[in-house]
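Chemist: Sharing entry-v3.cif, mmCIF, C-alpha atoms and all ligand atoms:
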data_protein
loop_
_atom_site.label_atom_id
_atom_site.label_comp_id
_atom_site.auth_asym_id
_atom_site.auth_seq_id
_atom_site.Cartn_x
_atom_site.Cartn_y
_atom_site.Cartn_z
CA MET K 1 50.96 12.89 -12.49
CA THR K 2 49.98 16.27 -13.76
CA ALA K 3 47.03 18.27 -12.64
CA GLU K 4 45.35 20.92 -14.69
CA THR K 5 42.76 23.29 -13.42
CA GLY K 6 40.47 25.10 -15.76
CA TYR K 7 36.91 25.37 -16.93
CA VAL K 8 34.77 22.94 -18.84
CA GLY K 9 31.94 23.86 -21.10
CA PRO K 10 29.15 22.39 -23.10
CA HIS K 11 31.18 21.62 -26.26
CA LEU K 12 33.90 19.36 -24.97
CA THR K 13 33.48 16.48 -27.39
CA ARG K 14 35.98 16.74 -30.22
CA SER K 15 33.87 17.29 -33.26
CA GLY K 16 33.85 14.45 -35.77
CA ARG K 17 35.71 12.10 -33.46
CA THR K 18 33.65 9.65 -31.55
CA SER K 19 35.86 6.56 -31.46
CA ASP K 20 39.49 5.56 -31.85
CA PRO K 21 41.47 2.41 -32.72
CA TRP K 22 41.95 1.54 -29.04
CA GLY K 23 38.29 0.89 -28.40
CA ARG K 24 37.66 4.18 -26.68
CA TYR K 25 34.12 4.98 -27.71
CA TYR K 26 33.29 8.52 -26.84
CA THR K 27 29.85 9.47 -25.73
CA SER K 28 27.78 11.73 -27.95
CA PRO K 29 26.34 14.92 -26.42
CA GLU K 30 22.79 13.46 -26.69
CA VAL K 31 23.63 10.27 -24.78
CA SER K 32 25.66 12.26 -22.24
CA ARG K 33 22.75 14.60 -21.60
CA SER K 34 20.35 11.70 -21.34
CA LEU K 35 22.50 10.04 -18.68
CA ILE K 36 23.02 13.22 -16.69
CA GLU K 37 19.28 14.06 -16.79
CA ARG K 38 18.50 10.71 -15.19
CA ILE K 39 20.62 11.41 -12.12
CA ASN K 40 18.25 12.88 -9.61
CA VAL K 41 20.48 15.15 -7.53
CA PRO K 42 19.68 18.86 -7.49
CA LYS K 43 22.93 20.36 -6.18
CA PRO K 44 25.88 18.01 -5.84
CA LYS K 45 29.01 19.60 -4.39
CA LEU K 46 31.48 17.17 -5.92
CA VAL K 47 31.18 15.42 -9.30
CA LEU K 48 33.77 12.89 -10.53
CA GLU K 49 34.47 11.34 -13.92
CA LEU K 50 37.02 8.55 -14.25
CA GLY K 51 38.18 7.96 -17.83
CA SER K 52 36.96 11.36 -18.93
CA GLY K 53 38.41 11.22 -22.47
CA SER K 54 37.64 14.42 -24.26
CA GLY K 55 35.00 15.30 -21.72
CA ALA K 56 31.55 14.58 -23.17
CA LEU K 57 30.01 13.38 -19.92
CA CYS K 58 31.65 15.94 -17.67
CA ALA K 59 30.60 18.72 -20.04
CA ALA K 60 26.97 17.64 -19.70
CA ALA K 61 27.46 17.39 -15.93
CA ALA K 62 29.04 20.84 -15.78
CA SER K 63 26.23 22.40 -17.72
CA ARG K 64 23.62 20.90 -15.38
CA TRP K 65 25.42 21.35 -12.03
CA GLN K 66 27.10 24.69 -12.52
CA ALA K 67 28.03 25.18 -8.87
CA ALA K 68 29.63 21.74 -8.47
CA ARG K 69 33.35 21.08 -8.14
CA LEU K 70 34.30 18.73 -10.98
CA ILE K 71 37.19 16.26 -10.96
CA THR K 72 38.20 14.31 -14.08
CA VAL K 73 40.85 11.61 -14.48
CA ASP K 74 42.29 10.03 -17.64
CA THR K 75 45.57 8.33 -18.49
CA ASP K 76 45.69 9.78 -21.96
CA LYS K 77 47.89 12.85 -21.94
CA HIS K 78 46.72 13.85 -25.39
CA LEU K 79 43.13 14.26 -24.41
CA SER K 80 43.39 17.67 -22.89
CA VAL K 81 40.23 19.01 -21.37
CA ARG K 82 41.98 22.37 -21.34
CA GLU K 83 41.77 22.62 -25.13
CA CYS K 84 38.06 23.07 -24.78
CA ALA K 85 38.14 25.35 -21.78
CA HIS K 86 37.44 28.44 -23.82
CA SER K 87 34.05 27.09 -24.84
CA LEU K 88 32.83 27.14 -21.28
CA GLY K 89 29.78 29.21 -20.58
CA GLN K 90 29.64 28.57 -16.83
CA PRO K 91 32.27 29.05 -14.14
CA THR K 92 32.52 25.41 -13.03
CA GLN K 93 35.48 24.66 -10.79
CA HIS K 94 37.35 21.85 -12.52
CA SER K 95 40.47 19.82 -11.81
CA HIS K 96 41.81 17.33 -14.35
CA PHE K 97 44.36 14.64 -13.46
CA VAL K 98 46.39 12.57 -15.90
CA HIS K 99 46.55 9.40 -13.86
CA ASP K 100 45.56 5.73 -13.78
CA ALA K 101 41.98 5.60 -12.49
CA LEU K 102 42.57 2.01 -11.31
CA ASP K 103 45.32 2.95 -8.86
CA GLU K 104 44.24 1.75 -5.43
CA ASP K 105 45.74 4.93 -4.02
CA LEU K 106 43.84 7.16 -6.48
CA PRO K 107 42.00 9.11 -3.75
CA ASN K 108 45.31 10.42 -2.37
CA LYS K 109 46.66 11.15 -5.82
CA ILE K 110 43.70 13.34 -6.70
CA GLY K 111 43.15 14.82 -3.26
CA LEU K 112 39.92 13.01 -2.41
CA ARG K 113 38.87 10.85 0.53
CA LEU K 114 37.06 7.55 -0.02
CA GLY K 115 33.30 7.87 0.29
CA THR K 116 33.03 11.60 -0.39
CA VAL K 117 31.86 12.03 -3.99
CA ASP K 118 28.22 13.13 -4.50
CA VAL K 119 27.86 12.14 -8.16
CA ALA K 120 30.13 10.00 -10.34
CA VAL K 121 29.62 9.61 -14.08
CA CYS K 122 31.51 7.13 -16.20
CA ASN K 123 31.77 5.55 -19.63
CA PRO K 124 34.55 3.08 -18.85
CA PRO K 125 37.00 1.72 -21.41
CA TYR K 126 36.08 -1.71 -22.72
CA ILE K 127 39.41 -3.45 -22.26
CA ARG K 128 40.76 -6.12 -19.94
CA PRO K 129 43.85 -4.76 -18.22
CA ARG K 130 46.53 -7.19 -16.99
CA TRP K 131 45.56 -8.24 -13.46
CA ARG K 132 47.23 -6.34 -10.59
CA ALA K 133 47.01 -6.77 -6.84
CA ASP K 134 45.31 -3.40 -6.35
CA PHE K 135 42.37 -4.55 -8.50
CA GLY K 136 41.63 -7.12 -5.79
CA SER K 137 41.56 -4.39 -3.14
CA ILE K 138 39.33 -2.16 -5.27
CA LEU K 139 36.83 -4.99 -5.82
CA GLU K 140 36.98 -5.90 -2.14
CA ASP K 141 36.32 -2.32 -0.97
CA ALA K 142 33.38 -2.12 -3.36
CA GLY K 143 31.86 -5.32 -1.92
CA LEU K 144 32.40 -7.15 -5.20
CA SER K 145 35.17 -9.60 -4.36
CA GLY K 146 34.01 -13.17 -4.68
CA THR K 147 31.30 -12.25 -7.17
CA LEU K 148 33.30 -13.46 -10.19
CA VAL K 149 33.79 -17.06 -11.18
CA SER K 150 37.24 -16.15 -12.53
CA LEU K 151 39.36 -13.04 -11.99
CA HIS K 152 40.06 -13.14 -15.74
CA ASP K 153 36.53 -11.82 -16.17
CA ALA K 154 37.35 -8.55 -14.41
CA GLY K 155 37.43 -6.06 -17.26
CA ALA K 156 38.07 -2.34 -16.95
CA ASP K 157 34.29 -1.74 -16.99
CA LEU K 158 33.82 -3.68 -13.74
CA LEU K 159 36.96 -2.23 -12.14
CA PHE K 160 35.92 1.35 -12.99
CA LEU K 161 32.48 0.62 -11.54
CA ALA K 162 34.13 -0.66 -8.35
CA GLN K 163 36.52 2.29 -8.08
CA ASN K 164 33.58 4.69 -8.47
CA LEU K 165 31.71 2.86 -5.69
CA ARG K 166 34.72 3.27 -3.37
CA LEU K 167 34.84 6.99 -3.98
CA LEU K 168 31.10 7.70 -3.77
CA ARG K 169 29.52 8.71 -0.49
CA ARG K 170 26.60 6.76 0.95
CA LYS K 171 23.52 7.58 -1.16
CA GLY K 172 25.82 9.20 -3.73
CA LYS K 173 24.72 8.53 -7.32
CA LEU K 174 26.60 6.73 -10.05
CA GLY K 175 25.56 7.28 -13.67
CA LEU K 176 27.19 4.69 -15.93
CA ILE K 177 27.36 3.58 -19.50
CA LEU K 178 27.60 -0.19 -19.40
CA PRO K 179 28.51 -2.78 -22.01
CA ASP K 180 26.33 -5.80 -22.72
CA GLY K 181 28.52 -8.27 -20.79
CA LEU K 182 27.97 -6.80 -17.34
CA VAL K 183 24.25 -6.44 -18.04
CA THR K 184 23.43 -9.83 -19.56
CA ALA K 185 26.30 -12.37 -19.43
CA GLU K 186 25.81 -15.38 -17.20
CA ARG K 187 29.35 -15.05 -15.79
CA PHE K 188 28.44 -11.66 -14.27
CA SER K 189 25.24 -12.77 -12.54
CA GLY K 190 27.11 -12.80 -9.19
CA VAL K 191 28.16 -9.18 -9.75
CA ARG K 192 24.61 -8.18 -10.63
CA ARG K 193 23.17 -9.99 -7.61
CA ALA K 194 25.67 -8.26 -5.29
CA LEU K 195 24.93 -4.83 -6.78
CA LEU K 196 21.15 -5.37 -6.52
CA ARG K 197 21.43 -6.44 -2.89
CA GLN K 198 23.81 -3.72 -1.77
CA HIS K 199 22.57 -0.71 -3.71
CA LEU K 200 19.47 0.85 -5.15
CA ILE K 201 19.80 0.50 -8.91
CA GLU K 202 17.28 3.10 -10.00
CA GLN K 203 17.02 2.21 -13.67
CA VAL K 204 18.74 0.57 -16.61
CA VAL K 205 18.02 1.96 -20.07
CA GLN K 206 18.86 -0.18 -23.09
CA LEU K 207 20.35 2.10 -25.77
CA PRO K 208 19.85 1.62 -29.51
CA ARG K 209 22.62 -0.38 -31.18
CA GLY K 210 25.09 1.74 -33.09
CA ILE K 211 24.70 4.73 -30.82
CA PHE K 212 28.48 4.78 -30.36
CA LYS K 213 30.09 5.47 -33.72
CA GLY K 214 32.39 2.74 -34.92
CA THR K 215 30.71 -0.08 -33.00
CA GLU K 216 27.43 -1.98 -33.16
CA ALA K 217 27.88 -3.01 -29.52
CA GLN K 218 24.82 -3.06 -27.30
CA THR K 219 25.16 -0.57 -24.44
CA TYR K 220 23.06 0.65 -21.54
CA LEU K 221 22.67 3.63 -19.22
CA ALA K 222 22.40 2.77 -15.55
CA VAL K 223 21.85 4.92 -12.47
CA LEU K 224 22.66 3.54 -9.04
CA SER K 225 22.31 5.08 -5.58
CA LYS K 226 25.09 3.74 -3.35
CA MET K 227 23.84 1.75 -0.34
CA ALA K 228 20.45 3.46 -0.51
CA GLY K 229 18.70 0.15 0.17
CA GLU K 230 18.25 -3.07 -1.73
CA THR K 231 16.82 -3.11 -5.28
CA ASP K 232 13.63 -5.16 -4.82
CA GLN K 233 12.33 -4.34 -8.29
CA LEU K 234 14.51 -3.03 -11.10
CA THR K 235 13.02 -0.60 -13.59
CA LEU K 236 14.04 -1.27 -17.19
CA CYS K 237 13.25 0.58 -20.37
CA GLN K 238 14.57 1.00 -23.88
CA MET K 239 15.55 4.06 -25.90
CA GLY K 240 14.50 4.03 -29.55
CA PRO K 241 16.71 5.40 -32.36
CA ASP K 242 14.71 8.66 -32.13
CA GLY K 243 15.63 9.00 -28.43
CA GLN K 244 12.10 8.13 -27.26
CA LEU K 245 11.81 5.89 -24.20
CA SER K 246 9.60 2.80 -24.14
CA SER K 247 7.22 2.26 -21.23
CA ALA K 248 9.03 0.77 -18.24
CA VAL K 249 8.90 -2.78 -16.93
CA ASP K 250 9.69 -3.62 -13.30
CA VAL K 251 11.62 -6.82 -12.78
CA PRO K 252 12.01 -8.55 -9.39
CA GLN K 253 15.53 -8.81 -7.98
CA GLU K 254 16.10 -12.49 -8.72
CA LEU K 255 15.17 -12.06 -12.39
CA ALA K 256 17.21 -8.86 -12.66
CA ALA K 257 20.25 -10.76 -11.38
CA LYS K 258 19.80 -13.11 -14.35
CA ARG K 259 19.81 -10.25 -16.84
CA MET K 260 19.14 -6.54 -16.78
CA ASP K 261 18.21 -5.89 -20.41
CA TYR K 262 14.78 -4.53 -21.25
CA ALA K 263 14.46 -6.48 -24.50
CA PHE K 264 14.74 -9.88 -22.80
CA HIS K 265 12.27 -9.15 -20.03
CA ALA K 266 9.77 -7.32 -22.22
CA GLN K 267 9.75 -10.29 -24.57
CA ALA K 268 9.37 -12.77 -21.71
CA ILE K 269 6.52 -10.77 -20.24
CA SER K 270 4.64 -10.58 -23.50
CA ALA K 271 5.23 -14.26 -24.25
CA HIS K 272 4.19 -15.60 -20.85
CA HIS K 273 1.85 -13.27 -19.11
CA LEU K 274 0.34 -10.54 -21.21
CA GLN K 275 -2.03 -11.08 -24.05
CA ASP K 276 -2.18 -8.50 -26.81
CA GLY K 277 -3.77 -5.28 -25.75
CA TYR K 278 -3.08 -5.64 -22.03
CA ARG K 279 -0.94 -3.09 -20.27
CA ARG K 280 0.95 -3.84 -17.09
CA ILE K 281 -0.90 -2.74 -14.00
CA GLN K 282 -0.39 -3.01 -10.26
CA VAL K 283 -2.28 -5.72 -8.39
CA GLY K 284 -4.04 -2.96 -6.44
CA GLU K 285 -5.59 -1.59 -9.62
CA ALA K 286 -7.19 -4.97 -10.38
CA LEU K 287 -8.93 -5.32 -7.00
CA THR K 288 -12.05 -3.97 -5.40
CA ASP K 289 -11.08 -5.32 -1.94
CA VAL K 290 -8.46 -7.26 -0.02
CA ILE K 291 -9.74 -9.23 2.97
CA ARG K 292 -7.39 -10.52 5.63
CA GLY K 293 -8.74 -13.51 7.58
CA SER K 294 -9.52 -12.95 11.25
CA ILE K 295 -9.20 -16.41 12.83
CA CYS K 296 -5.76 -17.06 14.31
CA SER K 297 -4.29 -20.56 14.19
CA SER K 298 -4.98 -21.28 17.89
CA GLU K 299 -8.71 -20.57 17.33
CA ILE K 300 -9.12 -22.83 14.29
CA GLY K 301 -9.68 -26.06 16.25
CA GLY K 302 -12.49 -24.59 18.34
CA PHE K 303 -14.18 -22.69 15.51
CA PRO K 304 -17.66 -24.01 14.60
CA THR K 305 -16.89 -24.35 10.86
CA ALA K 306 -13.88 -25.39 8.79
CA VAL K 307 -11.32 -22.56 8.46
CA PHE K 308 -9.12 -22.41 5.38
CA HIS K 309 -5.50 -22.17 6.61
CA LEU K 310 -1.94 -22.45 5.24
CA GLY K 311 -1.91 -26.27 5.18
CA ASP K 312 -5.09 -26.40 3.09
CA PHE K 313 -3.55 -25.05 -0.12
CA ALA K 314 -3.07 -27.78 -2.73
CA GLU K 315 0.45 -28.23 -4.15
CA PRO K 316 1.14 -26.25 -7.37
CA ASP K 317 0.14 -28.31 -10.40
CA GLY K 318 1.64 -26.35 -13.29
CA GLU K 319 0.92 -22.89 -14.64
CA ASN K 320 -2.29 -23.92 -16.38
CA ALA K 321 -4.00 -25.68 -13.49
CA ILE K 322 -6.38 -23.81 -11.19
CA ARG K 323 -6.25 -24.80 -7.54
CA VAL K 324 -9.76 -24.63 -6.13
CA VAL K 325 -10.68 -24.37 -2.42
CA PRO K 326 -12.20 -27.81 -1.53
CA LYS K 327 -15.96 -28.04 -1.11
CA ARG K 328 -15.73 -28.93 2.58
CA PHE K 329 -14.85 -25.27 3.37
CA SER K 330 -17.88 -23.79 1.65
CA LEU K 331 -20.80 -22.47 3.68
CA SER K 332 -24.45 -22.19 2.78
CA ASP K 333 -25.65 -18.63 2.31
CA ARG K 334 -27.50 -18.84 5.62
CA ALA K 335 -24.48 -20.14 7.55
CA ALA K 336 -22.31 -17.51 5.89
CA LYS K 337 -24.63 -14.76 7.06
CA THR K 338 -24.40 -15.95 10.67
CA ILE K 339 -20.66 -16.66 10.67
CA SER K 340 -19.83 -13.33 9.02
CA ARG K 341 -20.66 -11.66 12.35
CA ASN K 342 -17.62 -13.38 13.92
CA ALA K 343 -15.20 -13.96 11.08
CA HIS K 344 -14.02 -12.52 7.78
CA LEU K 345 -15.24 -14.57 4.84
CA ALA K 346 -13.87 -15.12 1.37
CA LEU K 347 -16.49 -15.23 -1.40
CA PRO K 348 -16.69 -17.19 -4.67
CA GLY K 349 -14.32 -15.60 -7.18
CA ASP K 350 -11.85 -14.51 -4.50
CA ILE K 351 -8.20 -15.46 -5.00
CA LEU K 352 -6.64 -16.74 -1.77
CA LEU K 353 -2.93 -16.48 -1.05
CA ALA K 354 -0.70 -16.89 1.96
CA ARG K 355 0.55 -13.68 3.58
CA VAL K 356 3.00 -15.44 5.92
CA GLY K 357 5.23 -18.50 5.85
CA ARG K 358 8.48 -19.64 4.32
CA ASN K 359 6.85 -20.85 1.09
CA LEU K 360 4.15 -18.24 0.85
CA GLN K 361 4.81 -17.77 -2.87
CA ASN K 362 3.63 -21.32 -3.59
CA ARG K 363 0.26 -20.97 -1.91
CA LEU K 364 -2.64 -19.94 -4.10
CA ALA K 365 -6.28 -21.00 -4.50
CA LEU K 366 -9.51 -19.83 -6.05
CA VAL K 367 -12.81 -19.82 -4.13
CA VAL K 368 -15.44 -21.45 -6.34
CA HIS K 369 -18.03 -23.47 -4.41
CA GLY K 370 -19.24 -20.99 -1.82
CA PRO K 371 -18.23 -18.52 0.91
CA CYS K 372 -15.55 -19.79 3.32
CA VAL K 373 -13.86 -18.72 6.53
CA ILE K 374 -10.16 -17.90 6.19
CA SER K 375 -7.42 -17.74 8.82
CA ASP K 376 -5.46 -14.59 9.60
CA CYS K 377 -2.52 -15.98 7.57
CA ILE K 378 -4.52 -15.63 4.35
CA PHE K 379 -5.43 -12.74 2.08
CA ALA K 380 -8.52 -12.96 -0.12
CA LEU K 381 -8.13 -10.81 -3.24
CA ARG K 382 -11.44 -9.64 -4.68
CA ALA K 383 -10.58 -8.85 -8.29
CA THR K 384 -12.76 -7.18 -10.89
CA GLU K 385 -14.29 -9.53 -13.50
CA GLU K 386 -12.04 -7.96 -16.11
CA HIS K 387 -8.79 -8.80 -14.32
CA ARG K 388 -9.59 -11.92 -12.25
CA GLU K 389 -8.40 -14.66 -14.58
CA ARG K 390 -5.26 -12.84 -15.71
CA LEU K 391 -4.36 -12.01 -12.10
CA TYR K 392 -4.83 -15.64 -11.02
CA ARG K 393 -2.73 -16.93 -13.92
CA PHE K 394 0.00 -14.39 -13.19
CA LEU K 395 0.13 -15.29 -9.48
CA GLU K 396 0.32 -18.99 -10.41
CA SER K 397 3.12 -18.40 -12.95
CA GLU K 398 6.82 -18.58 -12.14
CA ALA K 399 7.10 -14.79 -12.46
CA GLY K 400 4.13 -14.29 -10.14
CA GLN K 401 5.63 -16.60 -7.54
CA ARG K 402 8.92 -14.75 -7.80
CA ALA K 403 7.18 -11.41 -7.48
CA ARG K 404 5.48 -12.59 -4.27
CA ALA K 405 8.73 -14.04 -2.96
CA THR K 406 10.72 -10.89 -3.62
CA SER K 407 7.99 -8.59 -2.27
CA ALA K 408 7.87 -10.51 1.03
CA HIS K 409 9.96 -9.42 4.01
CA GLY K 410 11.62 -11.23 6.88
CA VAL K 411 14.17 -14.00 6.87
CA ALA K 412 12.91 -16.83 9.10
CA ALA K 413 9.23 -15.85 9.26
CA ARG K 414 8.48 -14.28 5.93
CA PHE K 415 5.41 -12.12 5.41
CA LEU K 416 3.86 -10.24 2.54
CA SER K 417 2.40 -6.88 3.50
CA LYS K 418 -0.82 -5.67 1.90
CA GLN K 419 1.04 -2.64 0.56
CA ASN K 420 3.76 -4.74 -1.10
CA LEU K 421 1.17 -7.08 -2.54
CA LEU K 422 -0.84 -4.22 -4.04
CA GLU K 423 2.29 -2.80 -5.68
CA ILE K 424 3.25 -5.98 -7.56
CA GLN K 425 2.97 -5.39 -11.31
CA PHE K 426 1.51 -7.92 -13.68
C1 LIG K 501 35.22 4.77 -23.44
S1 LIG K 501 36.28 6.13 -23.27
C2 LIG K 501 35.14 7.30 -22.56
C3 LIG K 501 35.57 8.69 -22.68
C4 LIG K 501 34.54 9.70 -22.18
N1 LIG K 501 34.26 9.49 -20.79
C5 LIG K 501 33.27 9.63 -22.98
O1 LIG K 501 32.26 9.19 -22.44
O2 LIG K 501 33.28 10.01 -24.13
C6 LIG K 501 37.26 5.61 -21.91
C7 LIG K 501 38.33 6.57 -21.48
O3 LIG K 501 39.03 5.94 -20.40
C8 LIG K 501 40.42 6.26 -20.52
N2 LIG K 501 41.18 5.23 -19.79
C9 LIG K 501 41.46 3.97 -20.16
N3 LIG K 501 42.13 3.32 -19.17
C10 LIG K 501 42.25 4.20 -18.16
C11 LIG K 501 42.83 4.14 -16.86
N4 LIG K 501 43.41 3.02 -16.41
N5 LIG K 501 42.77 5.24 -16.10
C12 LIG K 501 42.18 6.38 -16.53
N6 LIG K 501 41.63 6.50 -17.74
C13 LIG K 501 41.66 5.44 -18.55
C14 LIG K 501 40.66 6.29 -22.01
O4 LIG K 501 41.79 7.10 -22.30
C15 LIG K 501 39.36 6.89 -22.54
O5 LIG K 501 39.48 8.28 -22.63
#
As structure tokens - that is how I would like this structure written.
Modeler:
Amino acid sequence: MTAETGYVGPHLTRSGRTSDPWGRYYTSPEVSRSLIERINVPKPKLVLELGSGSGALCAAAASRWQAARLITVDTDKHLSVRECAHSLGQPTQHSHFVHDALDEDLPNKIGLRLGTVDVAVCNPPYIRPRWRADFGSILEDAGLSGTLVSLHDAGADLLFLAQNLRLLRRKGKLGLILPDGLVTAERFSGVRRALLRQHLIEQVVQLPRGIFKGTEAQTYLAVLSKMAGETDQLTLCQMGPDGQLSSAVDVPQELAAKRMDYAFHAQAISAHHLQDGYRRIQVGEALTDVIRGSICSSEIGGFPTAVFHLGDFAEPDGENAIRVVPKRFSLSDRAAKTISRNAHLALPGDILLARVGRNLQNRLALVVHGPCVISDCIFALRATEEHRERLYRFLESEAGQRARATSAHGVAARFLSKQNLLEIQF
């Protein structure tokens, strides 16, 4: 191992050389800057780049975080970061190590402790190294062992990701360039599910094809905050060839585990839920009121009128059917006036859904015939005319059921808070 200490500057990418015959696709200054800008950390003390190549990412990092200590690692002895040291404008403290980034003992070799890095940036090599025992330990430490159907699927991209996770501190940020496989392939859905459950993946940006010279491969930028909570909803967007970002879509965890590419989800959303001209909004924006029932289950039997409760929802009957609250629950206007002194009522046009219960995502109904009394396990959503039908159809759809399921909390007794409900996007 050799260690070099020097300075890095803003012009580290070798001009005119963005790829080589060994599949090492170097990041352009624009993409590097875009990734670094997305990492929301004002003053990291320690920034790491594994597989630093000729230093495009660490140069962008050094120019943003000028006071940070920077550590880079690459096996390629010919890619000397020192050659570019003279171009440095800022006095960043930098150590470069020529070493195998996938050595289990890397922390000792580069003088770091596990779990200490504030920010890691990485554009991993897209190769599949011959399997070694230390890869198993690296995956295990990163909480990713058992997520692969076959160990043959563990490419350098996944192993670099895992090694970065080992080295990052809790709530440390990882900014990655990812290949299409990890983001969309079925065989990596276990990896994606584990990452979404263990970490806060802040965003995934689909890059334009051809952004890495010499390859048409589809790639992505991703920013993850280590163990900063579960990713309930993943924010996806797409960068156009002009560098402009599309509007974002939020995808619930279960769907994000299936795939994390913007193009797929944006297409699915427009095909299934949004008619032309609609923009995605939060449920809260479509409502004038949310009424929570006031009659608890022990009071239902003794209540003078029928009370709509969890068991009264009809079974789902396909995305196009509308489940209507049966007539026997509806009150005359006079009765409603009297009862409203003692109980919260749902009114015609209100959308009823369960706020508690194991299968709360399956329970939905529309009030049509007249006002009705609802139990305290039910929310009545009073939507504006403009949004009512679309909101009902969304909540009845598979995506709407998933959104309710993933927004709910609790393991045995699940419940959907008003706040979480209002924040669901449709
Ligand atoms: C895709 S290139 C990225 C280079 C640079 N980070 C960038 O974004 O332009 C991957 C880099 O990883 C290096 N590399 C490949 N295997 C490695 C290993 N086992 N340990 C350390 N570096 C490795 C390659 O030499 C190459 O420079």
Chemist: Report the distance between CA of Gly53 (chain K) and CA of Cys122 (chain K) in Å, rounded to one decimal place.
Modeler: 10.2 Å
Chemist: Show me, as a PyMOL selection string, the residues that have an atom within 10 Å of region 367-377 of chain K when counting all atoms listed in the file, minus same-chain residues fewer than 6 positions from it.
Modeler: chain K and resi 291-297+299-300+303+305-310+323-333+335-337+339-340+342-357+360+415-416
Chemist: Using all atoms listed in the file, pick whichever of K:Trp131, K:Trp65, K:Phe160, K:Phe379 has the shortest atom-to-atom distance to ligand LIG 501 (chain K).
Modeler: K:Phe160
Chemist: Using only C-alpha atoms, which of K:Tyr25, K:Phe426, K:Phe135, K:Phe313 sits nearest Gly284 (chain K)?
Modeler: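 Of all the options, K:Phe426 lies closest to Gly284 (chain K).
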Chemist: Atom C11 of ligand LIG 501 (chain K) to CA of Thr75 (chain K): how many Å, to one decimal?
Modeler: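 Spanning atom C11 of ligand LIG 501 (chain K) to CA of Thr75 (chain K) is a straight-line distance of 5.3 Å.
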Chemist: So which residues touch Ala185 (chain K) within 12 Å, counting all atoms listed in the file, skipping near sequence neighbours fewer than 4 positions away, as a list in words?
Modeler: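 Counting all atoms listed in the file, the residues come to Leu148, Asp153, Pro179, Asp180, Gly181, Ser189, Gly190, Val191, Arg192, Ala256, Ala257, Lys258, Arg259, Met260 and Asp261 of chain K.
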Chemist: Tell me which of K:Leu35, K:Ala314, K:Leu165, K:Val149 sits closest to Met239 (chain K), counting all atoms listed in the file.
Modeler: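 Among K:Leu35, K:Ala314, K:Leu165, K:Val149, it is K:Leu35 that comes nearest to Met239 (chain K).
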Chemist: Using all atoms listed in the file, which of the listed residues (K:Leu200, K:Leu158, K:Leu395, K:Ala405) sits closest to ligand LIG 501 (chain K)?
Modeler: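 Going through K:Leu200, K:Leu158, K:Leu395, K:Ala405 one by one, the smallest distance to ligand LIG 501 (chain K) is for K:Leu158.
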